[in-house]
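Report on the following structure.
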Amino acid sequence: KLGPYINMGAVDAQVRLELQKEFDEIQKVQKEIQKSAELQKKLDSQLNQNTVVKDELEFLEPESNVYKLTGPVLVKQDLGEAKGTVSKRIEYISAEIKRQETLVADLEKQLNKHKESVSKIQAKATAVAH
Amino acid sequence: VLITMSSDKEEVQVTLEDQKKINLFAKKNGNLNEIETELEEIKKALQNIEDAGDDLLLLEDEDSEAIPYQLGEVFIQHNLEETQGLLEKEKDKYEQRMKQLKEEAGEIESMMKELKVQLYAKFGDNINLEA
């Protein structure tokens with residue numbers, strides 16, 4: 001009986017094509033998740049640094065001298081201004097971290113959807129084969 | 001991957017000369033990437049220098065007498081005018097390096113272009129030199 005085999009071959013090619021498409025998507029999403037994870041690591045360490053600086057600034061007397069390093073120059077800054085800058089920086093970084101977390105949650109949803117598709121395609125292919 | 005050879009088309013003989021050209025192309029492409037990375041760093045440094053110059057102008061007179069300036073591992077204090085001079089020198093240094101790098105990049109690019117012409121002429125679709 002050659003018939004079923006030939007038919008199977010045709011289904012196989014179609015299934016393979018569908019699976020390949022899903023795998024490509026999965027790889028793409030995983031790459032984006034990895035990218036976001038790296039960014040989050042960087043943001044976390046920036047948040048830590050800025051929190052340490054903020055705590056240090058809180059210890060200072062109001063008339064203390066504060067400098068900011070810009071390029072090769074230490075530029076004197078008003079303490080209040082420095083605190084403001086650091087607070088804003090922390091706000092910005094925190095918001096960015098939240099944004100990345102939402103992004104990853106969304107990407108993981110996409111990833112699961114693609115994995116489900118793979119299972120469905122495989123189940124369908126098995127059902128046809130039997 | 002920079003260079004891919006596909007074998008499903010008719011076979012083309014790769015001579016030692018061809019392989020040397022391919023290797024040179026790959027090497028030059030690497031050099032070009034390095035130069036681009038350094039140019040990005042220089043751009044950042046120049047931006048910092050400009051920011052520093054702007055910040056200096058906002059300083060109170062009393063704070064402009066002794067401005068710490070980083071030289072290697074230490075900070076040495078200079079007055080406003082001296083600091084601005086140092087920044088200017090630093091800026092010149094980076095701009096010169098930038099000019100030099102851009103010239104190098106131009107030379108590399110024309111060399112790669114020439115190699116591309118030669119290699120595509122011989123290998124056609126069998127070679128992929130995506131820059």
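Within each chain, counting starts at residue 1; across the structure tokens, chains are named A, B, ... in the order shown, with ligands numbered 1 upward in that order.
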Give me, as a PyMOL selection string, all polymer residues having an atom no more than 12 Å from range 15-26 of chain A, counting only C-alpha atoms and skipping those fewer than 5 positions away in the same chain. chain A and resi 8-10+31-33+107-126+128-129
Please identify which residues in range 48-98 of chain B DSSP calls helix (DSSP H, G or I) from the backbone, and express them as a PyMOL selection string. chain B and resi 48-57+61-64+80-98
Residues of chain B were defined as contacting chain A if any atom lay at most 12 Å from it, counting only C-alpha atoms; please report them as a PyMOL selection string. chain B and resi 42-80+82-84+86-91
Close residues, range 30-33 of chain B itself excluded, 12 Å, only C-alpha atoms, min 2 positions apart in chain, as a short mmCIF file (atom, residue, chain, number, x, y, z; two decimals) with C-alpha atoms, in the first residue's frame:
data_model
loop_
_atom_site.label_atom_id
_atom_site.label_comp_id
_atom_site.auth_asym_id
_atom_site.auth_seq_id
_atom_site.Cartn_x
_atom_site.Cartn_y
_atom_site.Cartn_z
CA LEU B 2 30.27 36.43 7.75
CA ASN B 23 40.52 35.93 5.19
CA LEU B 24 41.62 39.50 4.59
CA PHE B 25 38.01 40.56 4.12
CA ALA B 26 37.01 38.93 7.40
CA LYS B 27 39.95 40.52 9.21
CA LYS B 28 39.20 43.97 7.84
CA ILE B 35 36.91 51.17 15.07
CA GLU B 36 33.17 51.72 15.23
CA THR B 37 33.13 50.67 18.89
CA GLU B 38 35.94 53.09 19.71
CA LEU B 39 34.20 55.89 17.81
CA GLU B 40 31.10 55.35 19.94
CA LEU B 101 39.90 56.56 13.09
CA LYS B 102 37.55 57.89 10.44
CA GLU B 103 40.38 57.98 7.92
CA GLU B 104 41.32 54.41 8.81
CA ALA B 105 37.70 53.34 8.48
CA GLY B 106 37.52 54.94 5.05
CA GLU B 107 40.62 53.08 3.87
CA ILE B 108 39.32 49.78 5.22
CA GLU B 109 35.94 50.31 3.60
CA SER B 110 37.40 50.94 0.16
CA MET B 111 39.68 47.92 0.55
CA MET B 112 36.69 45.76 1.48
CA ALA B 131 28.99 43.62 5.79
#
According to DSSP computed on the backbone, where in range 4-90 of chain B is there strand (DSSP E)? Give the residues as a ChimeraX atom specification. /B:4-5,67-71,74-78
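Around range 47-60 of chain A, within 9 Å and counting only C-alpha atoms, the residues found are Lys42, Leu43, Asp44, Ser45, Pro62, Glu63, Ser64, Asn65, Val66, Leu79, Ala82, Lys83, Val86, Ser87, Arg89, Ile90, Ile93 and Ser94 of chain A, once anything fewer than 2 positions away on its own chain is removed.
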Resulting file, chosen residues, all heavy atoms, as a compact mmCIF listing (two decimals), in the first residue's frame:
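After the write, out-v7.txt holds the following:
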# COMPACT_ATOMS: atom_id res chain seq x y z
N LYS A 42 21.65 45.03 34.61
CA LYS A 42 22.35 46.31 34.58
C LYS A 42 21.58 47.35 35.39
O LYS A 42 22.15 48.10 36.18
CB LYS A 42 22.51 46.77 33.12
CG LYS A 42 23.75 47.59 32.88
CD LYS A 42 23.97 47.81 31.39
CE LYS A 42 23.53 49.17 30.97
NZ LYS A 42 23.58 49.36 29.49
N LEU A 43 20.26 47.36 35.18
CA LEU A 43 19.42 48.34 35.89
C LEU A 43 19.46 48.09 37.39
O LEU A 43 19.51 49.03 38.19
CB LEU A 43 17.98 48.25 35.37
CG LEU A 43 17.73 48.82 33.98
CD1 LEU A 43 16.36 48.39 33.47
CD2 LEU A 43 17.84 50.33 33.98
N ASP A 44 19.44 46.81 37.79
CA ASP A 44 19.49 46.47 39.21
C ASP A 44 20.75 47.01 39.86
O ASP A 44 20.71 47.58 40.95
CB ASP A 44 19.44 44.94 39.39
CG ASP A 44 18.01 44.44 39.42
OD1 ASP A 44 17.12 45.26 39.76
OD2 ASP A 44 17.78 43.26 39.11
N SER A 45 21.88 46.85 39.17
CA SER A 45 23.14 47.30 39.77
C SER A 45 23.17 48.83 39.81
O SER A 45 23.69 49.42 40.74
CB SER A 45 24.35 46.71 39.05
OG SER A 45 24.81 47.55 38.03
N PRO A 62 24.11 69.80 56.22
CA PRO A 62 23.60 70.64 55.13
C PRO A 62 24.69 71.44 54.41
O PRO A 62 24.56 71.72 53.22
CB PRO A 62 22.62 71.59 55.83
CG PRO A 62 22.25 70.90 57.10
CD PRO A 62 23.43 70.06 57.49
N GLU A 63 25.76 71.79 55.12
CA GLU A 63 26.77 72.64 54.48
C GLU A 63 27.91 71.83 53.85
O GLU A 63 28.91 72.39 53.41
CB GLU A 63 27.35 73.66 55.49
CG GLU A 63 28.14 73.06 56.63
CD GLU A 63 27.22 72.61 57.75
OE1 GLU A 63 25.97 72.62 57.58
OE2 GLU A 63 27.74 72.23 58.82
N SER A 64 27.73 70.51 53.78
CA SER A 64 28.77 69.66 53.21
C SER A 64 28.97 69.95 51.72
O SER A 64 28.04 70.39 51.04
CB SER A 64 28.39 68.18 53.35
OG SER A 64 28.17 67.85 54.68
N ASN A 65 30.20 69.71 51.26
CA ASN A 65 30.48 69.86 49.84
C ASN A 65 30.19 68.57 49.10
O ASN A 65 30.64 67.50 49.50
CB ASN A 65 31.95 70.23 49.62
CG ASN A 65 32.25 71.63 50.09
OD1 ASN A 65 31.36 72.49 50.08
ND2 ASN A 65 33.47 71.86 50.52
N VAL A 66 29.45 68.68 48.02
CA VAL A 66 29.14 67.50 47.19
C VAL A 66 29.62 67.79 45.76
O VAL A 66 29.44 68.90 45.25
CB VAL A 66 27.62 67.24 47.17
CG1 VAL A 66 27.31 66.01 46.32
CG2 VAL A 66 27.10 67.05 48.58
N LEU A 79 23.78 70.44 47.73
CA LEU A 79 23.38 69.16 48.32
C LEU A 79 21.94 68.81 47.94
O LEU A 79 21.64 67.68 47.56
CB LEU A 79 23.54 69.19 49.84
CG LEU A 79 23.14 67.92 50.59
CD1 LEU A 79 23.88 66.71 50.07
CD2 LEU A 79 23.36 68.08 52.09
N ALA A 82 21.79 67.69 44.43
CA ALA A 82 22.35 66.35 44.27
C ALA A 82 21.32 65.31 44.72
O ALA A 82 21.11 64.30 44.04
CB ALA A 82 23.63 66.21 45.10
N LYS A 83 20.66 65.58 45.86
CA LYS A 83 19.64 64.64 46.34
C LYS A 83 18.52 64.51 45.33
O LYS A 83 18.03 63.41 45.06
CB LYS A 83 19.07 65.13 47.67
CG LYS A 83 19.97 64.85 48.87
CD LYS A 83 19.29 65.31 50.15
CE LYS A 83 20.19 65.08 51.35
NZ LYS A 83 19.62 65.69 52.58
N VAL A 86 19.65 62.39 42.34
CA VAL A 86 19.73 60.96 42.65
C VAL A 86 18.33 60.36 42.81
O VAL A 86 18.05 59.27 42.31
CB VAL A 86 20.57 60.73 43.93
CG1 VAL A 86 20.54 59.26 44.33
CG2 VAL A 86 22.00 61.17 43.71
N SER A 87 17.43 61.11 43.47
CA SER A 87 16.06 60.61 43.64
C SER A 87 15.39 60.39 42.28
O SER A 87 14.74 59.37 42.05
CB SER A 87 15.22 61.60 44.45
OG SER A 87 15.68 61.64 45.77
N ARG A 89 16.84 59.90 39.48
CA ARG A 89 17.51 58.79 38.82
C ARG A 89 16.92 57.45 39.31
O ARG A 89 16.65 56.55 38.53
CB ARG A 89 19.01 58.89 39.13
CG ARG A 89 19.89 57.99 38.38
CD ARG A 89 20.50 58.64 37.15
NE ARG A 89 21.11 57.57 36.35
CZ ARG A 89 20.56 57.06 35.28
NH1 ARG A 89 19.45 57.56 34.78
NH2 ARG A 89 21.11 56.07 34.65
N ILE A 90 16.74 57.36 40.64
CA ILE A 90 16.18 56.14 41.22
C ILE A 90 14.76 55.91 40.70
O ILE A 90 14.39 54.78 40.34
CB ILE A 90 16.19 56.22 42.76
CG1 ILE A 90 17.63 56.08 43.26
CG2 ILE A 90 15.31 55.14 43.38
CD1 ILE A 90 17.80 56.26 44.75
N ILE A 93 15.02 54.66 37.09
CA ILE A 93 15.50 53.28 36.99
C ILE A 93 14.42 52.31 37.46
O ILE A 93 14.18 51.27 36.84
CB ILE A 93 16.80 53.08 37.81
CG1 ILE A 93 17.93 53.95 37.24
CG2 ILE A 93 17.23 51.62 37.80
CD1 ILE A 93 19.15 54.05 38.13
N SER A 94 13.73 52.65 38.56
CA SER A 94 12.67 51.78 39.07
C SER A 94 11.57 51.59 38.03
O SER A 94 11.09 50.48 37.81
CB SER A 94 12.06 52.36 40.35
OG SER A 94 13.06 52.57 41.31
